[in-house]
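Here's the structure we're looking at; comments come further down.
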Number of protein chains: 2
Amino acid sequence: MKLILIIADGIGDVPIREFNYLTPLEHGTFPHLDRLAREGICAMMHPLRRGLPAGSDTAHIAILGQDPLKTYRGRGYLEALGVGIEPTSGAIGFRVNFGTVEDGIVTDRRAGRSPRHLDELSREVRETVDIGVPFSFRAATGTRAALVLEDEGLSPEVSDGDPHHTGVYPLAIEPLDGSDAARRTASLLNSFVSQAHEVLRDHRLNAKRIEAGDLPANFLLVRGAGVRPAVPTFQEQFGASAACIAATALIRGVARCFGFDLIDVPEITGEYDTNAQAKAEATIDALKSYDFVFTHFKPTDTASHDGDPVKKEAMIEKLDAMIATIISSIPDPHDTVIALTGDHSSPCVVKDHSGEGVPFVMWGGRVRTDDVARFDERSCAKGGLGHIFAEDIVYLMMNQANKVKKFGA
Amino acid sequence: MKLILIIADGIGDVPIREFNYLTPLEHGTFPHLDRLAREGICAMMHPLRRGLPAGSDTAHIAILGQDPLKTYRGRGYLEALGVGIEPTSGAIGFRVNFGTVEDGIVTDRRAGRSPRHLDELSREVRETVDIGVPFSFRAATGTRAALVLEDEGLSPEVSDGDPHHTGVYPLAIEPLDGSDAARRTASLLNSFVSQAHEVLRDHRLNAKRIEAGDLPANFLLVRGAGVRPAVPTFQEQFGASAACIAATALIRGVARCFGFDLIDVPEITGEYDTNAQAKAEATIDALKSYDFVFTHFKPTDTASHDGDPVKKEAMIEKLDAMIATIISSIPDPHDTVIALTGDHSSPCVVKDHSGEGVPFVMWGGRVRTDDVARFDERSCAKGGLGHIFAEDIVYLMMNQANKVKKFGA
């Protein structure tokens, strides 16, 4: 029995005025999503609790079988893992933006969103800054980066340096509790940020950015301190080998925490231009070597954050075509299970995550089918599985493969 | 208000190819089950959590209102209680099989499944073996038995002596933690097993078994150490008098833990040949003396473990006839509630417990009815109670009798 979990980030939505009060899933035509619904068993899936908007990190921790309320310890460590840093299990991770500061004031939190020369500038920071403890620093997608401090006696209980808006000074990083570890960590971070600013502000590569019409990437905005969540690996939980296909650093990081092998696919970007067909082929290919393949599709969420329902519908069409390719490559649905849902809803009118449930379908295996014929919010609310939570998903899938250990005798 | 809870063990199933992808409940004709569904309120019931296969012990603990994740302490004690041993509350119970050993190797874990002379052989073991602490040992159904050690300073943290397959030596019982209690318990058990082997191996009754064409029952395979789960009685929980009608030792043991009176009915066997009409009559009779009667029906699960959907359908017919008798004896359904479900699903294709939900119906009393007209997996998933958990069942029933104490004022 082979298991495929497809997470379409932020796919759930709400009635949209310009769609005659239909959601993007209800408004568009998605024959392969609907085939899954018609031939499978549906549900409404709630990531954490009813009405509570989930982060992508917490939602994915729940989806992979653990309670984020007990295990989540911040985003930074996960993001660092996701960009390929190999922190020790006691390290502290941080999210970083390359930002633009003029006369001490933050004028752009993302340096005009241009990633030009950021790899080289990251290397310069890495090679020049010395804060007396080992650290890793690496550029990620866009103008993002990740930082990891490696030492005993550090703490994630520190504030953000990122002021989260422009027109103000960057914030001094402060300890959030009275511990020596938090004080020391804040001090190390402030030192890191000021040394990095020295490296970046007059760097010739920033001169080249300006020449090319970009803003200078001359300040590192640090936020989102996190440590490793104490979760068992997927193999430990379910005795199944597992691979992940995802472009987004955070998702890759969560998957690595759970011991997933990451499969790198050229042309998958996590952006509107991602090559979803390449992702479909990689999914099918991975099934030859793994029991469980988790494939993440990001641009549905991007369109939601952009508040663009037409684009979201187009991205769901791309997802539909990706699923068509996956279905057509499955010889016998009784030997394969596909589960499809999102990590959370992201209504275009909200431009952010929301607390509404997400349509869910499980197809193949020995599922008890239901009457749902369309994969959308209002149809799946009538599904044969009723309302489920994210922590149920992998149990439901693994049960199809008889891989959940009986509790009791 | 009188309450009847009928548990059809392992009744839930999945679409079966030779039944044109219907389940046994969907494939067969069960007019009285369907009457309950048509006139009652239905649900899909999950024993522990979605997708997690439950044991019969843990499922029944949940059904009787307690959380097995917090209270379950192994099967052995429950099994011992169920065969009529009266252990003190600190005793350790074990499941035992009479097995066959030749030249030191386990050749049959159940001595050919023949119970011939096992009562007498059990008595011989009881009267001859001396391990220096009080113990109880009693033959149960088939070739099963139960053992209880009674002393201070014992521990259930010991491994099984049963190797769980044939062609190998029986296992030495080992302590599972570093405690003195576990070491001492393992040592007492190994002494018990070897002394019992001395008693059994050349016993004249085993010679008679061999003469009769049976395998000798010459070795005791010990497993499933357990202590008493800390659960309140049914009376303490709900202020209701309660009786149980069941043939299966484990279920009788769980019921006794909850303070149920056991009603013995000749001809109920827990096997295919059980007299379900006698069970129906005993249920009706018990209602005269008790507020709550829990009647357990085992052979649906046996057919599932045998992987035989035709037999399972026949056993559900037997259940249907049993329910017909019960319904016909009820003068006024407004004064009586019948709830019917299983303890877990046991799909014939799996031949074991699975994590799928179980159809549930509650009939009589003042229930709000729904549109469900058939008692089966896909119909009950649309029930008016939605999806419930095992721990909800008795609350739902007791609420019909106004016997659940208000929480708050």
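Convention: chains lettered A, B, ... in structure tokens order; per-chain residue numbering from 1; ligands numbered from 1 as shown.
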
If you run DSSP on this backbone, which residues of range 150-329 of chain B come out as alpha helix (DSSP H), and could you give them as an mmCIF file with N, CA and C atoms, in the first residue's frame?
data_model
loop_
_atom_site.group_PDB
_atom_site.id
_atom_site.type_symbol
_atom_site.label_atom_id
_atom_site.label_comp_id
_atom_site.auth_asym_id
_atom_site.auth_seq_id
_atom_site.Cartn_x
_atom_site.Cartn_y
_atom_site.Cartn_z
ATOM 1 N N ASP B 180 13.607 -3.972 41.257
ATOM 2 C CA ASP B 180 13.623 -5.256 41.965
ATOM 3 C C ASP B 180 12.307 -5.992 41.751
ATOM 4 N N ALA B 181 11.202 -5.235 41.732
ATOM 5 C CA ALA B 181 9.885 -5.862 41.604
ATOM 6 C C ALA B 181 9.775 -6.606 40.276
ATOM 7 N N ALA B 182 10.263 -5.987 39.192
ATOM 8 C CA ALA B 182 10.183 -6.634 37.877
ATOM 9 C C ALA B 182 11.087 -7.869 37.838
ATOM 10 N N ARG B 183 12.294 -7.737 38.419
ATOM 11 C CA ARG B 183 13.203 -8.894 38.451
ATOM 12 C C ARG B 183 12.579 -10.052 39.217
ATOM 13 N N ARG B 184 11.985 -9.710 40.358
ATOM 14 C CA ARG B 184 11.389 -10.761 41.189
ATOM 15 C C ARG B 184 10.195 -11.399 40.476
ATOM 16 N N THR B 185 9.376 -10.582 39.822
ATOM 17 C CA THR B 185 8.203 -11.106 39.121
ATOM 18 C C THR B 185 8.626 -12.041 37.997
ATOM 19 N N ALA B 186 9.631 -11.634 37.225
ATOM 20 C CA ALA B 186 10.125 -12.478 36.129
ATOM 21 C C ALA B 186 10.629 -13.808 36.681
ATOM 22 N N SER B 187 11.350 -13.745 37.773
ATOM 23 C CA SER B 187 11.904 -14.961 38.364
ATOM 24 C C SER B 187 10.786 -15.897 38.851
ATOM 25 N N LEU B 188 9.766 -15.335 39.501
ATOM 26 C CA LEU B 188 8.630 -16.146 39.954
ATOM 27 C C LEU B 188 7.914 -16.797 38.768
ATOM 28 N N LEU B 189 7.756 -16.040 37.692
ATOM 29 C CA LEU B 189 7.050 -16.575 36.518
ATOM 30 C C LEU B 189 7.849 -17.697 35.864
ATOM 31 N N ASN B 190 9.168 -17.498 35.736
ATOM 32 C CA ASN B 190 9.981 -18.552 35.128
ATOM 33 C C ASN B 190 9.917 -19.820 35.974
ATOM 34 N N SER B 191 9.880 -19.647 37.290
ATOM 35 C CA SER B 191 9.763 -20.793 38.184
ATOM 36 C C SER B 191 8.393 -21.468 38.000
ATOM 37 N N PHE B 192 7.349 -20.632 37.895
ATOM 38 C CA PHE B 192 6.000 -21.165 37.681
ATOM 39 C C PHE B 192 5.939 -21.978 36.384
ATOM 40 N N VAL B 193 6.477 -21.405 35.328
ATOM 41 C CA VAL B 193 6.401 -22.055 34.013
ATOM 42 C C VAL B 193 7.169 -23.372 34.033
ATOM 43 N N SER B 194 8.346 -23.386 34.646
ATOM 44 C CA SER B 194 9.124 -24.626 34.581
ATOM 45 C C SER B 194 8.526 -25.698 35.499
ATOM 46 N N GLN B 195 8.026 -25.293 36.651
ATOM 47 C CA GLN B 195 7.345 -26.277 37.509
ATOM 48 C C GLN B 195 6.085 -26.826 36.828
ATOM 49 N N ALA B 196 5.351 -25.947 36.168
ATOM 50 C CA ALA B 196 4.127 -26.396 35.486
ATOM 51 C C ALA B 196 4.475 -27.387 34.375
ATOM 52 N N HIS B 197 5.573 -27.134 33.689
ATOM 53 C CA HIS B 197 6.007 -28.051 32.628
ATOM 54 C C HIS B 197 6.315 -29.432 33.220
ATOM 55 N N GLU B 198 6.943 -29.436 34.402
ATOM 56 C CA GLU B 198 7.213 -30.721 35.080
ATOM 57 C C GLU B 198 5.910 -31.467 35.365
ATOM 58 N N VAL B 199 4.915 -30.712 35.821
ATOM 59 C CA VAL B 199 3.617 -31.327 36.134
ATOM 60 C C VAL B 199 2.962 -31.884 34.869
ATOM 61 N N LEU B 200 3.046 -31.122 33.784
ATOM 62 C CA LEU B 200 2.234 -31.414 32.602
ATOM 63 C C LEU B 200 2.861 -32.435 31.655
ATOM 64 N N ARG B 201 4.189 -32.435 31.569
ATOM 65 C CA ARG B 201 4.765 -33.103 30.390
ATOM 66 C C ARG B 201 4.521 -34.603 30.350
ATOM 67 N N ARG B 204 -0.687 -38.211 32.992
ATOM 68 C CA ARG B 204 -1.551 -39.254 32.388
ATOM 69 C C ARG B 204 -2.675 -38.627 31.556
ATOM 70 N N LEU B 205 -3.127 -37.395 31.935
ATOM 71 C CA LEU B 205 -4.216 -36.784 31.159
ATOM 72 C C LEU B 205 -3.713 -36.317 29.800
ATOM 73 N N ASN B 206 -2.446 -35.974 29.739
ATOM 74 C CA ASN B 206 -1.883 -35.664 28.417
ATOM 75 C C ASN B 206 -1.728 -36.942 27.589
ATOM 76 N N ALA B 207 -1.419 -38.041 28.242
ATOM 77 C CA ALA B 207 -1.403 -39.319 27.519
ATOM 78 C C ALA B 207 -2.800 -39.598 26.956
ATOM 79 N N LYS B 208 -3.828 -39.300 27.755
ATOM 80 C CA LYS B 208 -5.204 -39.507 27.273
ATOM 81 C C LYS B 208 -5.554 -38.551 26.130
ATOM 82 N N ARG B 209 -5.043 -37.320 26.210
ATOM 83 C CA ARG B 209 -5.259 -36.381 25.083
ATOM 84 C C ARG B 209 -4.671 -36.960 23.803
ATOM 85 N N ILE B 210 -3.435 -37.468 23.918
ATOM 86 C CA ILE B 210 -2.767 -38.008 22.731
ATOM 87 C C ILE B 210 -3.535 -39.207 22.188
ATOM 88 N N GLU B 211 -3.970 -40.078 23.114
ATOM 89 C CA GLU B 211 -4.791 -41.232 22.689
ATOM 90 C C GLU B 211 -6.020 -40.793 21.926
ATOM 91 N N PHE B 234 -19.506 1.699 37.539
ATOM 92 C CA PHE B 234 -20.605 2.283 36.784
ATOM 93 C C PHE B 234 -21.579 2.993 37.736
ATOM 94 N N GLN B 235 -21.825 2.340 38.857
ATOM 95 C CA GLN B 235 -22.706 2.933 39.876
ATOM 96 C C GLN B 235 -22.142 4.280 40.364
ATOM 97 N N GLU B 236 -20.850 4.329 40.589
ATOM 98 C CA GLU B 236 -20.225 5.578 41.035
ATOM 99 C C GLU B 236 -20.316 6.651 39.950
ATOM 100 N N GLN B 237 -20.144 6.242 38.715
ATOM 101 C CA GLN B 237 -20.178 7.222 37.624
ATOM 102 C C GLN B 237 -21.583 7.742 37.363
ATOM 103 N N PHE B 238 -22.565 6.830 37.388
ATOM 104 C CA PHE B 238 -23.890 7.217 36.887
ATOM 105 C C PHE B 238 -25.033 6.923 37.851
ATOM 106 N N ALA B 249 -14.225 -13.890 28.161
ATOM 107 C CA ALA B 249 -13.608 -13.622 29.463
ATOM 108 C C ALA B 249 -13.158 -12.169 29.581
ATOM 109 N N LEU B 250 -12.522 -11.660 28.529
ATOM 110 C CA LEU B 250 -11.994 -10.298 28.602
ATOM 111 C C LEU B 250 -13.110 -9.283 28.868
ATOM 112 N N ILE B 251 -14.234 -9.464 28.169
ATOM 113 C CA ILE B 251 -15.344 -8.515 28.320
ATOM 114 C C ILE B 251 -15.954 -8.647 29.712
ATOM 115 N N ARG B 252 -16.077 -9.879 30.180
ATOM 116 C CA ARG B 252 -16.572 -10.100 31.548
ATOM 117 C C ARG B 252 -15.650 -9.435 32.564
ATOM 118 N N GLY B 253 -14.346 -9.509 32.298
ATOM 119 C CA GLY B 253 -13.381 -8.900 33.207
ATOM 120 C C GLY B 253 -13.506 -7.389 33.241
ATOM 121 N N VAL B 254 -13.636 -6.769 32.059
ATOM 122 C CA VAL B 254 -13.795 -5.305 32.010
ATOM 123 C C VAL B 254 -15.077 -4.923 32.760
ATOM 124 N N ALA B 255 -16.150 -5.653 32.495
ATOM 125 C CA ALA B 255 -17.429 -5.333 33.146
ATOM 126 C C ALA B 255 -17.304 -5.453 34.665
ATOM 127 N N ARG B 256 -16.604 -6.492 35.133
ATOM 128 C CA ARG B 256 -16.434 -6.636 36.592
ATOM 129 C C ARG B 256 -15.632 -5.476 37.176
ATOM 130 N N CYS B 257 -14.595 -5.017 36.433
ATOM 131 C CA CYS B 257 -13.819 -3.855 36.889
ATOM 132 C C CYS B 257 -14.725 -2.658 37.146
ATOM 133 N N ALA B 276 -28.139 -16.914 20.648
ATOM 134 C CA ALA B 276 -28.433 -15.486 20.737
ATOM 135 C C ALA B 276 -29.837 -15.241 21.289
ATOM 136 N N GLN B 277 -30.741 -16.185 21.062
ATOM 137 C CA GLN B 277 -32.094 -16.024 21.614
ATOM 138 C C GLN B 277 -32.065 -16.108 23.138
ATOM 139 N N ALA B 278 -31.232 -16.996 23.654
ATOM 140 C CA ALA B 278 -31.090 -17.083 25.115
ATOM 141 C C ALA B 278 -30.529 -15.773 25.656
ATOM 142 N N LYS B 279 -29.629 -15.178 24.896
ATOM 143 C CA LYS B 279 -29.035 -13.902 25.296
ATOM 144 C C LYS B 279 -30.105 -12.800 25.299
ATOM 145 N N ALA B 280 -30.957 -12.808 24.271
ATOM 146 C CA ALA B 280 -32.043 -11.823 24.203
ATOM 147 C C ALA B 280 -32.975 -11.960 25.401
ATOM 148 N N GLU B 281 -33.328 -13.212 25.701
ATOM 149 C CA GLU B 281 -34.248 -13.431 26.823
ATOM 150 C C GLU B 281 -33.605 -13.019 28.154
ATOM 151 N N ALA B 282 -32.327 -13.325 28.296
ATOM 152 C CA ALA B 282 -31.626 -12.930 29.525
ATOM 153 C C ALA B 282 -31.558 -11.403 29.640
ATOM 154 N N THR B 283 -31.387 -10.731 28.506
ATOM 155 C CA THR B 283 -31.339 -9.267 28.510
ATOM 156 C C THR B 283 -32.661 -8.692 29.016
ATOM 157 N N ILE B 284 -33.739 -9.185 28.446
ATOM 158 C CA ILE B 284 -35.073 -8.716 28.841
ATOM 159 C C ILE B 284 -35.330 -9.006 30.320
ATOM 160 N N ASP B 285 -34.918 -10.200 30.720
ATOM 161 C CA ASP B 285 -35.115 -10.590 32.110
ATOM 162 C C ASP B 285 -34.322 -9.691 33.062
ATOM 163 N N ALA B 286 -33.073 -9.375 32.674
ATOM 164 C CA ALA B 286 -32.208 -8.557 33.536
ATOM 165 C C ALA B 286 -32.761 -7.150 33.713
ATOM 166 N N PRO B 299 -19.567 -13.255 17.985
ATOM 167 C CA PRO B 299 -19.177 -13.974 16.758
ATOM 168 C C PRO B 299 -18.994 -13.106 15.515
ATOM 169 N N THR B 300 -19.516 -11.881 15.487
ATOM 170 C CA THR B 300 -19.218 -10.999 14.352
ATOM 171 C C THR B 300 -17.709 -10.760 14.247
ATOM 172 N N ASP B 301 -17.041 -10.637 15.386
ATOM 173 C CA ASP B 301 -15.596 -10.428 15.376
ATOM 174 C C ASP B 301 -14.856 -11.705 14.987
ATOM 175 N N THR B 302 -15.356 -12.842 15.458
ATOM 176 C CA THR B 302 -14.716 -14.119 15.116
ATOM 177 C C THR B 302 -14.722 -14.326 13.601
ATOM 178 N N ALA B 303 -15.864 -14.060 12.966
ATOM 179 C CA ALA B 303 -15.949 -14.199 11.500
ATOM 180 C C ALA B 303 -14.980 -13.242 10.817
ATOM 181 N N SER B 304 -14.815 -12.051 11.382
ATOM 182 C CA SER B 304 -13.887 -11.078 10.797
ATOM 183 C C SER B 304 -12.450 -11.585 10.890
ATOM 184 N N HIS B 305 -12.089 -12.102 12.070
ATOM 185 C CA HIS B 305 -10.722 -12.640 12.231
ATOM 186 C C HIS B 305 -10.514 -13.843 11.315
ATOM 187 N N PRO B 309 -16.541 -13.062 5.122
ATOM 188 C CA PRO B 309 -17.670 -12.117 5.100
ATOM 189 C C PRO B 309 -19.036 -12.799 5.032
ATOM 190 N N VAL B 310 -19.099 -13.977 4.409
ATOM 191 C CA VAL B 310 -20.383 -14.686 4.344
ATOM 192 C C VAL B 310 -20.795 -15.127 5.754
ATOM 193 N N LYS B 311 -19.839 -15.634 6.509
ATOM 194 C CA LYS B 311 -20.103 -16.018 7.898
ATOM 195 C C LYS B 311 -20.458 -14.778 8.732
ATOM 196 N N LYS B 312 -19.761 -13.675 8.444
ATOM 197 C CA LYS B 312 -20.051 -12.453 9.200
ATOM 198 C C LYS B 312 -21.489 -12.013 8.951
ATOM 199 N N GLU B 313 -21.904 -12.074 7.688
ATOM 200 C CA GLU B 313 -23.286 -11.711 7.367
ATOM 201 C C GLU B 313 -24.256 -12.634 8.111
ATOM 202 N N ALA B 314 -23.932 -13.926 8.156
ATOM 203 C CA ALA B 314 -24.804 -14.872 8.871
ATOM 204 C C ALA B 314 -24.859 -14.539 10.364
ATOM 205 N N MET B 315 -23.730 -14.129 10.915
ATOM 206 C CA MET B 315 -23.717 -13.780 12.344
ATOM 207 C C MET B 315 -24.506 -12.497 12.600
ATOM 208 N N ILE B 316 -24.469 -11.561 11.635
ATOM 209 C CA ILE B 316 -25.282 -10.346 11.806
ATOM 210 C C ILE B 316 -26.771 -10.704 11.720
ATOM 211 N N GLU B 317 -27.112 -11.714 10.913
ATOM 212 C CA GLU B 317 -28.510 -12.188 10.885
ATOM 213 C C GLU B 317 -28.929 -12.710 12.261
ATOM 214 N N LYS B 318 -28.000 -13.404 12.895
ATOM 215 C CA LYS B 318 -28.259 -13.926 14.242
ATOM 216 C C LYS B 318 -28.476 -12.769 15.240
ATOM 217 N N LEU B 319 -27.637 -11.741 15.080
ATOM 218 C CA LEU B 319 -27.779 -10.530 15.903
ATOM 219 C C LEU B 319 -29.125 -9.869 15.637
ATOM 220 N N ASP B 320 -29.500 -9.815 14.360
ATOM 221 C CA ASP B 320 -30.768 -9.181 13.974
ATOM 222 C C ASP B 320 -31.948 -9.903 14.638
ATOM 223 N N ALA B 321 -31.877 -11.224 14.646
ATOM 224 C CA ALA B 321 -32.958 -12.003 15.279
ATOM 225 C C ALA B 321 -32.962 -11.771 16.791
ATOM 226 N N MET B 322 -31.774 -11.650 17.378
ATOM 227 C CA MET B 322 -31.675 -11.376 18.818
ATOM 228 C C MET B 322 -32.335 -10.036 19.144
ATOM 229 N N ILE B 323 -32.077 -9.048 18.277
ATOM 230 C CA ILE B 323 -32.646 -7.721 18.512
ATOM 231 C C ILE B 323 -34.151 -7.733 18.285
ATOM 232 N N ALA B 324 -34.605 -8.540 17.318
ATOM 233 C CA ALA B 324 -36.052 -8.678 17.108
ATOM 234 C C ALA B 324 -36.733 -9.123 18.400
ATOM 235 N N THR B 325 -36.146 -10.103 19.044
ATOM 236 C CA THR B 325 -36.730 -10.617 20.298
ATOM 237 C C THR B 325 -36.722 -9.544 21.377
ATOM 238 N N ILE B 326 -35.620 -8.829 21.469
ATOM 239 C CA ILE B 326 -35.546 -7.778 22.496
ATOM 240 C C ILE B 326 -36.596 -6.698 22.234
ATOM 241 N N ILE B 327 -36.670 -6.224 20.973
ATOM 242 C CA ILE B 327 -37.642 -5.159 20.659
ATOM 243 C C ILE B 327 -39.061 -5.625 20.970
ATOM 244 N N SER B 328 -39.341 -6.877 20.594
ATOM 245 C CA SER B 328 -40.727 -7.342 20.738
ATOM 246 C C SER B 328 -41.121 -7.490 22.210
#

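Within the 7 Å cut-off around Ala146 in chain A, using only C-alpha atoms and omitting residues fewer than 3 positions from it on the same chain, the listed residues are Glu79, Ala80, Phe94, Arg95, Val96, Phe137, Arg138, Ala139 and Ala140 of chain A.
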
Report, in Å to a single decimal, how far apart CA of Glu377 in chain B and CA of Ala54 in chain B are. 17.5 Å

Within 12 Å of chain B, which residues of chain A are there when counting only C-alpha atoms? Please give them as an MDAnalysis selection string. chainID A and resid 41:43 65 238 334 364:372 381:409

Which value, in Å to one decimal, gives the distance between CA of Asn97 in chain B and CA of Thr295 in chain B? 26.4 Å

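For the pair CA of Pro47 in chain A and CA of Lys351 in chain A, the interatomic distance is 18.0 Å.
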
Tell me, as a ChimeraX atom specification, which residues lie within 12 Å of Thr88 in chain A, counting only C-alpha atoms; anything in the same chain fewer than 3 positions away does not count. /A:77,80-81,85,91-93,134-136,148-152,227-228,257

Could the residues in this selection be saved with N, CA and C atoms as a PDB file, in the first residue's frame?
ATOM      1  N   TYR A  77      13.931  27.696  13.956  1.00  0.00           N
ATOM      2  CA  TYR A  77      14.701  26.454  13.817  1.00  0.00           C
ATOM      3  C   TYR A  77      14.246  25.680  12.585  1.00  0.00           C
ATOM      4  N   ALA A  80      15.481  27.247   9.397  1.00  0.00           N
ATOM      5  CA  ALA A  80      16.913  26.981   9.223  1.00  0.00           C
ATOM      6  C   ALA A  80      17.147  25.568   8.699  1.00  0.00           C
ATOM      7  N   LEU A  81      16.444  24.624   9.304  1.00  0.00           N
ATOM      8  CA  LEU A  81      16.519  23.242   8.806  1.00  0.00           C
ATOM      9  C   LEU A  81      16.123  23.189   7.337  1.00  0.00           C
ATOM     10  N   ILE A  85      20.594  24.163   6.601  1.00  0.00           N
ATOM     11  CA  ILE A  85      21.503  24.203   7.742  1.00  0.00           C
ATOM     12  C   ILE A  85      21.291  22.923   8.554  1.00  0.00           C
ATOM     13  N   ALA A  91      20.430  23.798  19.251  1.00  0.00           N
ATOM     14  CA  ALA A  91      20.682  25.117  18.664  1.00  0.00           C
ATOM     15  C   ALA A  91      19.419  25.987  18.660  1.00  0.00           C
ATOM     16  N   ILE A  92      19.633  27.317  18.502  1.00  0.00           N
ATOM     17  CA  ILE A  92      18.516  28.250  18.372  1.00  0.00           C
ATOM     18  C   ILE A  92      18.514  28.770  16.932  1.00  0.00           C
ATOM     19  N   GLY A  93      17.362  28.726  16.282  1.00  0.00           N
ATOM     20  CA  GLY A  93      17.248  29.206  14.901  1.00  0.00           C
ATOM     21  C   GLY A  93      16.443  30.495  14.838  1.00  0.00           C
ATOM     22  N   PRO A 134      29.874  29.625  17.630  1.00  0.00           N
ATOM     23  CA  PRO A 134      29.632  29.166  16.258  1.00  0.00           C
ATOM     24  C   PRO A 134      28.224  29.562  15.795  1.00  0.00           C
ATOM     25  N   PHE A 135      28.140  29.996  14.538  1.00  0.00           N
ATOM     26  CA  PHE A 135      26.811  30.265  13.970  1.00  0.00           C
ATOM     27  C   PHE A 135      26.779  29.842  12.510  1.00  0.00           C
ATOM     28  N   SER A 136      25.558  29.598  12.011  1.00  0.00           N
ATOM     29  CA  SER A 136      25.352  29.357  10.578  1.00  0.00           C
ATOM     30  C   SER A 136      24.433  30.452  10.065  1.00  0.00           C
ATOM     31  N   VAL A 148      21.472  30.431  12.675  1.00  0.00           N
ATOM     32  CA  VAL A 148      21.464  29.474  13.781  1.00  0.00           C
ATOM     33  C   VAL A 148      22.637  29.769  14.693  1.00  0.00           C
ATOM     34  N   LEU A 149      22.372  29.884  15.980  1.00  0.00           N
ATOM     35  CA  LEU A 149      23.434  30.012  16.978  1.00  0.00           C
ATOM     36  C   LEU A 149      23.628  28.661  17.654  1.00  0.00           C
ATOM     37  N   GLU A 150      24.896  28.270  17.746  1.00  0.00           N
ATOM     38  CA  GLU A 150      25.200  26.950  18.302  1.00  0.00           C
ATOM     39  C   GLU A 150      26.030  27.129  19.561  1.00  0.00           C
ATOM     40  N   ASP A 151      25.424  26.974  20.711  1.00  0.00           N
ATOM     41  CA  ASP A 151      26.222  26.972  21.931  1.00  0.00           C
ATOM     42  C   ASP A 151      25.363  26.461  23.073  1.00  0.00           C
ATOM     43  N   GLU A 152      26.007  26.042  24.125  1.00  0.00           N
ATOM     44  CA  GLU A 152      25.293  25.762  25.374  1.00  0.00           C
ATOM     45  C   GLU A 152      24.809  27.096  25.945  1.00  0.00           C
ATOM     46  N   VAL A 227      13.442  26.734  18.689  1.00  0.00           N
ATOM     47  CA  VAL A 227      14.290  25.566  18.910  1.00  0.00           C
ATOM     48  C   VAL A 227      13.592  24.347  18.315  1.00  0.00           C
ATOM     49  N   ARG A 228      14.294  23.251  18.301  1.00  0.00           N
ATOM     50  CA  ARG A 228      13.761  22.045  17.671  1.00  0.00           C
ATOM     51  C   ARG A 228      12.534  21.541  18.434  1.00  0.00           C
ATOM     52  N   CYS A 257      12.358  17.689  10.354  1.00  0.00           N
ATOM     53  CA  CYS A 257      12.183  17.408  11.791  1.00  0.00           C
ATOM     54  C   CYS A 257      11.567  16.037  12.013  1.00  0.00           C
TER      55      CYS A 257
END

Option closest in space to Gly90 in chain B, from B:Cys348, B:Ala145, B:Ala230, B:Leu64 [counting only C-alpha atoms]: B:Ala230

What parts of range 149-323 of chain B does DSSP call strand (DSSP E or B)? I'd like the answer as a ChimeraX atom specification. /B:149,158,175,219-226,242-245,261-262,292-297
